[in-house]
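**Student:** To be precise about what I am sending: the file is called model-v8.cif and holds mmCIF, C-alpha atoms.
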data_input
loop_
_atom_site.group_PDB
_atom_site.id
_atom_site.type_symbol
_atom_site.label_atom_id
_atom_site.label_comp_id
_atom_site.auth_asym_id
_atom_site.auth_seq_id
_atom_site.Cartn_x
_atom_site.Cartn_y
_atom_site.Cartn_z
ATOM 1 C CA SER C 1 94.547 105.243 99.839
ATOM 2 C CA GLY C 2 92.829 103.168 97.146
ATOM 3 C CA ALA C 3 90.642 100.127 96.621
ATOM 4 C CA ILE C 4 91.346 96.592 97.807
ATOM 5 C CA ASN C 5 91.916 95.834 94.128
ATOM 6 C CA SER C 6 94.409 98.563 93.255
ATOM 7 C CA ASP C 7 93.660 98.158 89.531
ATOM 8 C CA ALA C 8 90.038 99.166 90.108
ATOM 9 C CA ASP C 9 88.455 102.596 90.191
ATOM 10 C CA ASN C 10 87.990 103.741 93.769
ATOM 11 C CA LEU C 11 85.198 106.291 93.370
ATOM 12 C CA LYS C 12 81.627 105.372 92.535
ATOM 13 C CA VAL C 13 80.432 106.889 89.270
ATOM 14 C CA ASP C 14 77.466 108.582 90.927
ATOM 15 C CA TYR C 15 79.920 110.573 93.087
ATOM 16 C CA TYR C 16 81.898 112.037 90.192
ATOM 17 C CA ASP C 17 79.808 115.214 90.203
ATOM 18 C CA ASP C 18 80.216 115.506 93.996
ATOM 19 C CA PHE C 19 83.986 115.166 93.638
ATOM 20 C CA ALA C 20 84.041 117.837 90.923
ATOM 21 C CA ASP C 21 81.904 120.105 93.096
ATOM 22 C CA TYR C 22 84.276 119.627 96.036
ATOM 23 C CA LEU C 23 87.389 120.433 94.001
ATOM 24 C CA THR C 24 85.915 123.585 92.508
ATOM 25 C CA GLU C 25 84.504 124.731 95.865
ATOM 26 C CA VAL C 26 88.024 124.569 97.328
ATOM 27 C CA VAL C 27 89.328 126.711 94.470
ATOM 28 C CA LYS C 28 86.432 129.149 94.822
ATOM 29 C CA TYR C 29 86.954 129.489 98.577
ATOM 30 C CA LEU C 30 90.704 130.090 98.329
ATOM 31 C CA GLU C 31 90.220 132.682 95.606
ATOM 32 C CA GLU C 32 87.413 134.553 97.377
ATOM 33 C CA GLN C 33 88.561 134.243 100.989
ATOM 34 C CA GLU C 34 92.352 134.110 100.704
ATOM 35 C CA GLY C 35 93.015 135.955 97.447
ATOM 36 C CA ILE C 36 94.911 132.990 95.989
ATOM 37 C CA ASN C 37 94.431 132.703 92.240
ATOM 38 C CA PHE C 38 95.086 129.457 90.399
ATOM 39 C CA ARG C 39 95.764 129.035 86.699
ATOM 40 C CA THR C 40 95.009 125.306 86.513
ATOM 41 C CA LEU C 41 93.156 122.615 88.428
ATOM 42 C CA ASN C 42 94.314 119.013 88.032
ATOM 43 C CA PRO C 43 91.699 116.601 89.418
ATOM 44 C CA LEU C 44 93.897 113.471 89.221
ATOM 45 C CA ASN C 45 97.270 112.162 90.350
ATOM 46 C CA GLU C 46 98.959 109.202 88.639
ATOM 47 C CA PRO C 47 95.485 107.764 88.010
ATOM 48 C CA ASN C 48 96.093 104.892 85.565
ATOM 49 C CA THR C 49 98.370 102.912 87.888
ATOM 50 C CA ASN C 50 98.106 100.125 90.447
ATOM 51 C CA TYR C 51 100.071 101.907 93.185
ATOM 52 C CA TRP C 52 97.073 102.958 95.211
ATOM 53 C CA GLY C 53 95.816 100.053 97.298
ATOM 54 C CA ALA C 54 93.824 99.971 100.515
ATOM 55 C CA GLY C 55 96.032 100.279 103.588
ATOM 56 C CA GLY C 56 98.831 102.055 101.730
ATOM 57 C CA ARG C 57 100.922 104.881 103.146
ATOM 58 C CA GLN C 58 100.270 107.397 100.380
ATOM 59 C CA GLU C 59 97.251 109.123 98.865
ATOM 60 C CA GLY C 60 95.927 107.748 95.624
ATOM 61 C CA CYS C 61 92.917 106.776 93.591
ATOM 62 C CA HIS C 62 92.902 104.697 90.420
ATOM 63 C CA PHE C 63 90.881 105.883 87.436
ATOM 64 C CA ASP C 64 90.688 104.049 84.123
ATOM 65 C CA ILE C 65 91.087 106.277 81.074
ATOM 66 C CA ALA C 66 87.330 106.364 80.407
ATOM 67 C CA SER C 67 86.743 107.325 84.041
ATOM 68 C CA GLN C 68 89.338 110.096 83.797
ATOM 69 C CA ASP C 69 87.460 111.396 80.769
ATOM 70 C CA GLN C 70 84.255 111.580 82.825
ATOM 71 C CA ILE C 71 85.945 113.292 85.776
ATOM 72 C CA ILE C 72 87.523 115.943 83.540
ATOM 73 C CA ASN C 73 84.154 116.726 81.997
ATOM 74 C CA GLU C 74 82.462 116.947 85.390
ATOM 75 C CA VAL C 75 85.144 119.351 86.638
ATOM 76 C CA TYR C 76 84.853 121.448 83.486
ATOM 77 C CA LYS C 77 81.075 121.671 83.953
ATOM 78 C CA LYS C 78 81.448 122.867 87.559
ATOM 79 C CA ILE C 79 84.047 125.458 86.543
ATOM 80 C CA GLN C 80 81.593 126.860 84.022
ATOM 81 C CA GLU C 81 78.648 126.800 86.432
ATOM 82 C CA LYS C 82 80.617 128.688 89.096
ATOM 83 C CA GLY C 83 82.216 131.134 86.686
ATOM 84 C CA LEU C 84 85.728 130.304 87.827
ATOM 85 C CA ASP C 85 88.659 131.735 85.895
ATOM 86 C CA ILE C 86 90.672 128.539 85.884
ATOM 87 C CA GLU C 87 91.748 125.934 83.344
ATOM 88 C CA ILE C 88 92.064 122.157 83.586
ATOM 89 C CA SER C 89 95.377 120.315 83.548
ATOM 90 C CA ALA C 90 95.693 116.528 83.238
ATOM 91 C CA PRO C 91 96.517 113.720 83.621
ATOM 92 C CA ASP C 92 99.525 114.092 85.994
ATOM 93 C CA GLU C 93 100.431 110.544 85.044
ATOM 94 C CA THR C 94 103.350 108.654 86.572
ATOM 95 C CA ASN C 95 105.402 108.226 83.403
ATOM 96 C CA ILE C 96 105.631 109.481 79.835
ATOM 97 C CA GLY C 97 104.124 106.384 78.245
ATOM 98 C CA LYS C 98 101.039 106.521 80.451
ATOM 99 C CA THR C 99 100.690 110.277 79.916
ATOM 100 C CA ILE C 100 100.550 109.623 76.174
ATOM 101 C CA ALA C 101 98.119 106.710 76.561
ATOM 102 C CA ASP C 102 95.791 108.655 78.866
ATOM 103 C CA PHE C 103 95.634 111.773 76.709
ATOM 104 C CA ASN C 104 95.247 109.805 73.469
ATOM 105 C CA GLY C 105 92.423 107.834 75.093
ATOM 106 C CA TYR C 106 90.315 110.891 75.878
ATOM 107 C CA LYS C 107 87.489 111.921 73.571
ATOM 108 C CA GLU C 108 88.372 114.805 71.268
ATOM 109 C CA GLU C 109 85.892 117.117 73.000
ATOM 110 C CA THR C 110 87.557 116.269 76.329
ATOM 111 C CA LYS C 111 91.020 117.065 74.980
ATOM 112 C CA GLU C 112 89.698 120.503 74.010
ATOM 113 C CA LYS C 113 88.792 121.163 77.658
ATOM 114 C CA ILE C 114 92.369 120.544 78.831
ATOM 115 C CA ALA C 115 94.615 123.609 78.666
ATOM 116 C CA GLN C 116 97.768 122.007 80.010
ATOM 117 C CA ILE C 117 99.220 118.504 79.827
ATOM 118 C CA ASN C 118 100.931 117.470 83.059
ATOM 119 C CA GLY C 119 103.172 114.429 83.229
ATOM 120 C CA HIS C 120 105.765 112.875 85.527
ATOM 121 C CA THR C 121 109.055 111.355 84.374
ATOM 122 C CA TYR C 122 109.437 108.447 86.770
ATOM 123 C CA GLY C 123 109.590 106.153 83.747
ATOM 124 C CA GLY C 124 108.900 105.795 80.064
ATOM 125 C CA THR C 125 111.830 108.095 79.388
ATOM 126 C CA GLU C 126 112.861 106.642 76.033
ATOM 127 C CA ALA C 127 113.683 109.293 73.423
ATOM 128 C CA ALA C 128 110.759 108.165 71.248
ATOM 129 C CA ASN C 129 108.284 108.732 74.098
ATOM 130 C CA PHE C 130 109.710 112.192 74.753
ATOM 131 C CA ALA C 131 109.362 113.107 71.084
ATOM 132 C CA ASN C 132 105.833 111.683 70.909
ATOM 133 C CA LEU C 133 104.562 113.583 73.938
ATOM 134 C CA LYS C 134 106.214 116.822 72.860
ATOM 135 C CA GLN C 135 104.565 116.519 69.445
ATOM 136 C CA ILE C 136 101.155 115.849 71.020
ATOM 137 C CA ALA C 137 101.469 119.070 73.034
ATOM 138 C CA ILE C 138 102.413 120.999 69.875
ATOM 139 C CA ASP C 139 99.688 119.442 67.715
ATOM 140 C CA TYR C 140 96.973 120.212 70.262
ATOM 141 C CA GLY C 141 98.362 123.609 71.253
ATOM 142 C CA LYS C 142 98.806 122.663 74.914
ATOM 143 C CA ARG C 143 101.284 123.846 77.516
ATOM 144 C CA PHE C 144 103.312 120.981 78.929
ATOM 145 C CA TRP C 145 104.552 120.778 82.521
ATOM 146 C CA MET C 146 106.863 118.120 83.887
ATOM 147 C CA SER C 147 104.829 118.298 87.062
ATOM 148 C CA GLU C 148 106.593 115.827 89.336
ATOM 149 C CA VAL C 149 109.707 113.720 89.690
ATOM 150 C CA GLY C 150 112.104 112.784 92.454
ATOM 151 C CA ILE C 151 115.248 110.710 92.593
ATOM 152 C CA GLY C 152 116.174 108.373 95.450
ATOM 153 C CA GLY C 153 119.314 107.102 93.735
ATOM 154 C CA ASN C 154 120.541 103.530 93.507
ATOM 155 C CA VAL C 155 122.525 103.605 96.744
ATOM 156 C CA GLY C 156 121.256 103.124 100.261
ATOM 157 C CA HIS C 157 120.526 105.980 102.647
ATOM 158 C CA SER C 158 123.480 108.369 102.744
ATOM 159 C CA HIS C 159 124.109 112.055 103.418
ATOM 160 C CA GLU C 160 127.404 111.978 101.527
ATOM 161 C CA ALA C 161 126.812 109.900 98.374
ATOM 162 C CA ILE C 162 127.033 111.875 95.141
ATOM 163 C CA GLN C 163 125.154 109.341 93.029
ATOM 164 C CA PRO C 164 121.607 110.553 93.876
ATOM 165 C CA GLY C 165 122.651 114.054 92.845
ATOM 166 C CA THR C 166 124.170 112.961 89.549
ATOM 167 C CA SER C 167 121.065 110.880 88.776
ATOM 168 C CA LEU C 168 118.900 113.922 89.433
ATOM 169 C CA ALA C 169 121.129 116.054 87.207
ATOM 170 C CA ASN C 170 120.767 113.531 84.386
ATOM 171 C CA ARG C 171 116.988 113.510 84.809
ATOM 172 C CA ILE C 172 116.835 117.322 84.602
ATOM 173 C CA ILE C 173 119.097 117.446 81.531
ATOM 174 C CA ASP C 174 117.101 114.828 79.609
ATOM 175 C CA ASP C 175 113.736 116.330 80.545
ATOM 176 C CA MET C 176 114.734 119.871 79.643
ATOM 177 C CA ASN C 177 116.488 118.973 76.391
ATOM 178 C CA LEU C 178 114.014 116.413 75.062
ATOM 179 C CA LEU C 179 110.647 117.457 76.517
ATOM 180 C CA LYS C 180 111.273 121.208 76.808
ATOM 181 C CA PRO C 181 108.534 121.686 79.435
ATOM 182 C CA GLU C 182 107.357 125.152 80.433
ATOM 183 C CA ALA C 183 107.888 124.131 84.059
ATOM 184 C CA TRP C 184 109.949 121.423 85.742
ATOM 185 C CA VAL C 185 108.714 120.541 89.231
ATOM 186 C CA TYR C 186 110.624 118.546 91.834
ATOM 187 C CA TRP C 187 108.623 116.190 94.055
ATOM 188 C CA GLN C 188 109.643 117.283 97.555
ATOM 189 C CA VAL C 189 112.749 119.219 98.554
ATOM 190 C CA VAL C 190 112.586 118.344 102.270
ATOM 191 C CA GLU C 191 112.139 114.655 103.059
ATOM 192 C CA ASP C 192 111.501 112.890 106.369
ATOM 193 C CA GLU C 193 114.813 111.485 107.637
ATOM 194 C CA ALA C 194 113.080 108.606 109.425
ATOM 195 C CA ASN C 195 111.420 107.552 106.184
ATOM 196 C CA MET C 196 114.792 107.485 104.409
ATOM 197 C CA LEU C 197 116.656 105.347 106.972
ATOM 198 C CA PRO C 198 117.500 101.678 106.217
ATOM 199 C CA GLU C 199 114.550 100.531 108.316
ATOM 200 C CA GLY C 200 112.333 102.765 106.141
ATOM 201 C CA GLU C 201 112.850 103.185 102.394
ATOM 202 C CA ASN C 202 116.657 103.163 102.672
ATOM 203 C CA SER C 203 116.865 105.851 100.023
ATOM 204 C CA ASN C 204 117.742 109.482 99.333
ATOM 205 C CA TRP C 205 114.608 111.292 98.222
ATOM 206 C CA GLY C 206 114.649 115.048 98.649
ATOM 207 C CA MET C 207 117.568 117.451 98.841
ATOM 208 C CA ILE C 208 117.390 117.978 102.609
ATOM 209 C CA HIS C 209 116.551 115.291 105.147
ATOM 210 C CA ALA C 210 114.955 116.545 108.352
ATOM 211 C CA ASP C 211 113.567 115.096 111.576
ATOM 212 C CA MET C 212 109.817 115.559 111.351
ATOM 213 C CA ASP C 213 108.952 113.990 114.689
ATOM 214 C CA GLY C 214 107.969 117.297 116.270
ATOM 215 C CA ILE C 215 110.739 116.897 118.873
ATOM 216 C CA ASN C 216 114.102 117.221 117.149
ATOM 217 C CA GLU C 217 115.049 119.953 114.690
ATOM 218 C CA ASN C 218 117.964 118.240 113.000
ATOM 219 C CA TYR C 219 118.445 118.451 109.254
ATOM 220 C CA TYR C 220 121.024 117.056 106.889
#
Show the structure stored in the file as structure tokens.

**Tutor:**
Amino acid sequence: SGAINSDADNLKVDYYDDFADYLTEVVKYLEEQEGINFRTLNPLNEPNTNYWGAGGRQEGCHFDIASQDQIINEVYKKIQEKGLDIEISAPDETNIGKTIADFNGYKEETKEKIAQINGHTYGGTEAANFANLKQIAIDYGKRFWMSEVGIGGNVGHSHEAIQPGTSLANRIIDDMNLLKPEAWVYWQVVEDEANMLPEGENSNWGMIHADMDGINENYY
């Protein structure tokens, strides 16, 4: 779940090619053995952040922009070597500002290897950022996906409060009108009820809360 220093890269440089080989082997296996075809492979998730620290409760791995550049090139090389019919998407960054910074920080030859820009809208949602990112996608001829967002709302855990729903509606409206993504992807429709309770996150992520303890089958 990350390095002790959550601002530091958490994968040794001499393992970048191994990581790229692993990712592409998974794709190859699922295509050949399960008949599942993928259009894009995104090797990173919210990489240029300090969320992912050792002992955390969520997956994550920090990569500086230069490190992201290297990873993308390693993945591209493995795709070519294995003859996979798949394109690269990146950077799946946490907010619009970081998506812009990451993509602008890549070498030009790296940008050419990315078919689709993925970005999350957890922040950086000023109109200027939206316009900037949209223009980058147009200028470079890239598809753009709003590839993840969720809304917990600004009220505590509740199955009746309307505010989380109205916040989500506002997020969808702004994203669709200002970014005009080719896809808009919600984080997780079904959320663990125990994780949402006051003793947990005290929030309202997801659209359905369910008991995921393997014993009860309640949902809300």

**Student:** Please measure the separation of CA of Ile4 (chain C) and CA of Cys61 (chain C), giving the value in Å to one decimal.

**Tutor:**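 So the answer is 11.1 Å.
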
**Student:** Write out as a ChimeraX atom specification which residues come within 8 Å of region 32-48 of chain C when counting only C-alpha atoms, dropping same-chain ones fewer than 3 positions away.

**Tutor:** /C:20,23,27-29,60-65,68,71-72,75,85-94,98,102,116

**Student:** Do you have the CA of Val190 (chain C)-CA of Met212 (chain C) distance handy?

**Tutor:**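 If I compute the distance from CA of Val190 (chain C) to CA of Met212 (chain C), I get 9.9 Å.
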
**Student:** Measuring atom to atom with only C-alpha atoms, identify which of C:Tyr122, C:Ala128, C:Thr49, C:Phe19 is nearest to Glu74 (chain C).

**Tutor:**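 Of C:Tyr122, C:Ala128, C:Thr49, C:Phe19, the one nearest Glu74 (chain C), counting only C-alpha atoms, is C:Phe19.
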
**Student:** Check which residues satisfy the PyMOL selection byres ((chain C and resi 11) around 10) in the file shown, then give them as a PyMOL selection string.

**Tutor:** chain C and resi 2-3+8-10+12-16+19+61-63+67

**Student:** Kindly indicate which residue among C:Ala101, C:Glu148, C:Asn50, C:Ile172 lies nearest to Leu133 (chain C), using all atoms listed in the file for the distances.

**Tutor:**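 Checking each of C:Ala101, C:Glu148, C:Asn50, C:Ile172 against Leu133 (chain C), counting all atoms listed in the file, the winner is C:Ala101.
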
**Student:** Kindly give the distance, in Å, that separates CA of Met196 (chain C) and CA of Ala54 (chain C), rounded to a single decimal.

**Tutor:**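 Going from CA of Met196 (chain C) over to CA of Ala54 (chain C) covers 22.6 Å.
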
**Student:** If we count only C-alpha atoms, what is near Val155 (chain C) at a cut-off of 12 Å, once residues fewer than 5 positions away on the same chain are taken out, given as a list of chain:residue names?

**Tutor:**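 My reading of the contact set: C:Glu160, C:Ala161, C:Ile162, C:Gln163, C:Pro164, C:Gly165, C:Thr166, C:Ser167, C:Met196, C:Leu197, C:Pro198, C:Glu201, C:Asn202, C:Ser203, C:Asn204, C:Trp205.
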
**Student:** For the residues in the current selection, export C-alpha atoms as a PDB file, keeping the file's coordinate frame.

**Tutor:**
ATOM      1  CA  GLU C 160     127.404 111.978 101.527  1.00  0.00           C
ATOM      2  CA  ALA C 161     126.812 109.900  98.374  1.00  0.00           C
ATOM      3  CA  ILE C 162     127.033 111.875  95.141  1.00  0.00           C
ATOM      4  CA  GLN C 163     125.154 109.341  93.029  1.00  0.00           C
ATOM      5  CA  PRO C 164     121.607 110.553  93.876  1.00  0.00           C
ATOM      6  CA  GLY C 165     122.651 114.054  92.845  1.00  0.00           C
ATOM      7  CA  THR C 166     124.170 112.961  89.549  1.00  0.00           C
ATOM      8  CA  SER C 167     121.065 110.880  88.776  1.00  0.00           C
ATOM      9  CA  MET C 196     114.792 107.485 104.409  1.00  0.00           C
ATOM     10  CA  LEU C 197     116.656 105.347 106.972  1.00  0.00           C
ATOM     11  CA  PRO C 198     117.500 101.678 106.217  1.00  0.00           C
ATOM     12  CA  GLU C 201     112.850 103.185 102.394  1.00  0.00           C
ATOM     13  CA  ASN C 202     116.657 103.163 102.672  1.00  0.00           C
ATOM     14  CA  SER C 203     116.865 105.851 100.023  1.00  0.00           C
ATOM     15  CA  ASN C 204     117.742 109.482  99.333  1.00  0.00           C
ATOM     16  CA  TRP C 205     114.608 111.292  98.222  1.00  0.00           C
TER      17      TRP C 205
END

**Student:** Can you tell me, as a compact mmCIF listing (two decimals) with C-alpha atoms, in the frame of the given file, which residues sit within 7 Å of (114.7, 113.3, 96.3) in the file's frame, using only C-alpha atoms?

**Tutor:**
# COMPACT_ATOMS: atom_id res chain seq x y z
CA GLY C 150 112.10 112.78 92.45
CA ILE C 151 115.25 110.71 92.59
CA GLY C 152 116.17 108.37 95.45
CA GLN C 188 109.64 117.28 97.56
CA VAL C 189 112.75 119.22 98.55
CA ASN C 204 117.74 109.48 99.33
CA TRP C 205 114.61 111.29 98.22
CA GLY C 206 114.65 115.05 98.65
CA MET C 207 117.57 117.45 98.84

**Student:** Ranking C:Tyr219, C:Phe103, C:Tyr140, C:Tyr51 by minimum distance to Asn118 (chain C) and counting only C-alpha atoms, which one comes first?

**Tutor:**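 Looking only at the distances to Asn118 (chain C), the closest residue turns out to be C:Phe103.
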
**Student:** Quick check on the file I pasted: which residues fall under the PyMOL selection byres ((chain C and resi 97) around 8)? Write them as a compact mmCIF listing (two decimals) with C-alpha atoms, in the frame of the given file.

**Tutor:**
# COMPACT_ATOMS: atom_id res chain seq x y z
CA ASN C 95 105.40 108.23 83.40
CA ILE C 96 105.63 109.48 79.83
CA LYS C 98 101.04 106.52 80.45
CA THR C 99 100.69 110.28 79.92
CA ILE C 100 100.55 109.62 76.17
CA ALA C 101 98.12 106.71 76.56
CA GLY C 123 109.59 106.15 83.75
CA GLY C 124 108.90 105.80 80.06
CA THR C 125 111.83 108.10 79.39
CA ASN C 129 108.28 108.73 74.10

**Student:** Neighbouring residues of Asp211 (chain C) were defined as those with any atom within 12 Å, considering all atoms listed in the file; residues of the same chain fewer than 4 positions away were excluded. Please report them as a ChimeraX atom specification.

**Tutor:** /C:190-197,215-220

**Student:** Show which residues sit within 8 Å of Ala66 (chain C), as a PyMOL selection string. Count all atoms listed in the file, and ignore same-chain residues fewer than 3 positions away.

**Tutor:** chain C and resi 63+69-70+105-106

**Student:** Tell me which residues come within 12 Å of (89.1, 121.5, 72.7), as a PyMOL selection string, counting only C-alpha atoms in the file's coordinates.

**Tutor:** chain C and resi 73+76+87-88+106-116+139-142

**Student:** Can you report as lines of an AutoDock Vina configuration file the centre and edge lengths in Å, to one decimal, of an axis-aligned box around the listed atoms of region 157-165 of chain C padded with 6 Å on each side?

**Tutor:**
center_x = 124.0
center_y = 110.0
center_z = 98.1
size_x = 18.9
size_y = 20.1
size_z = 22.6
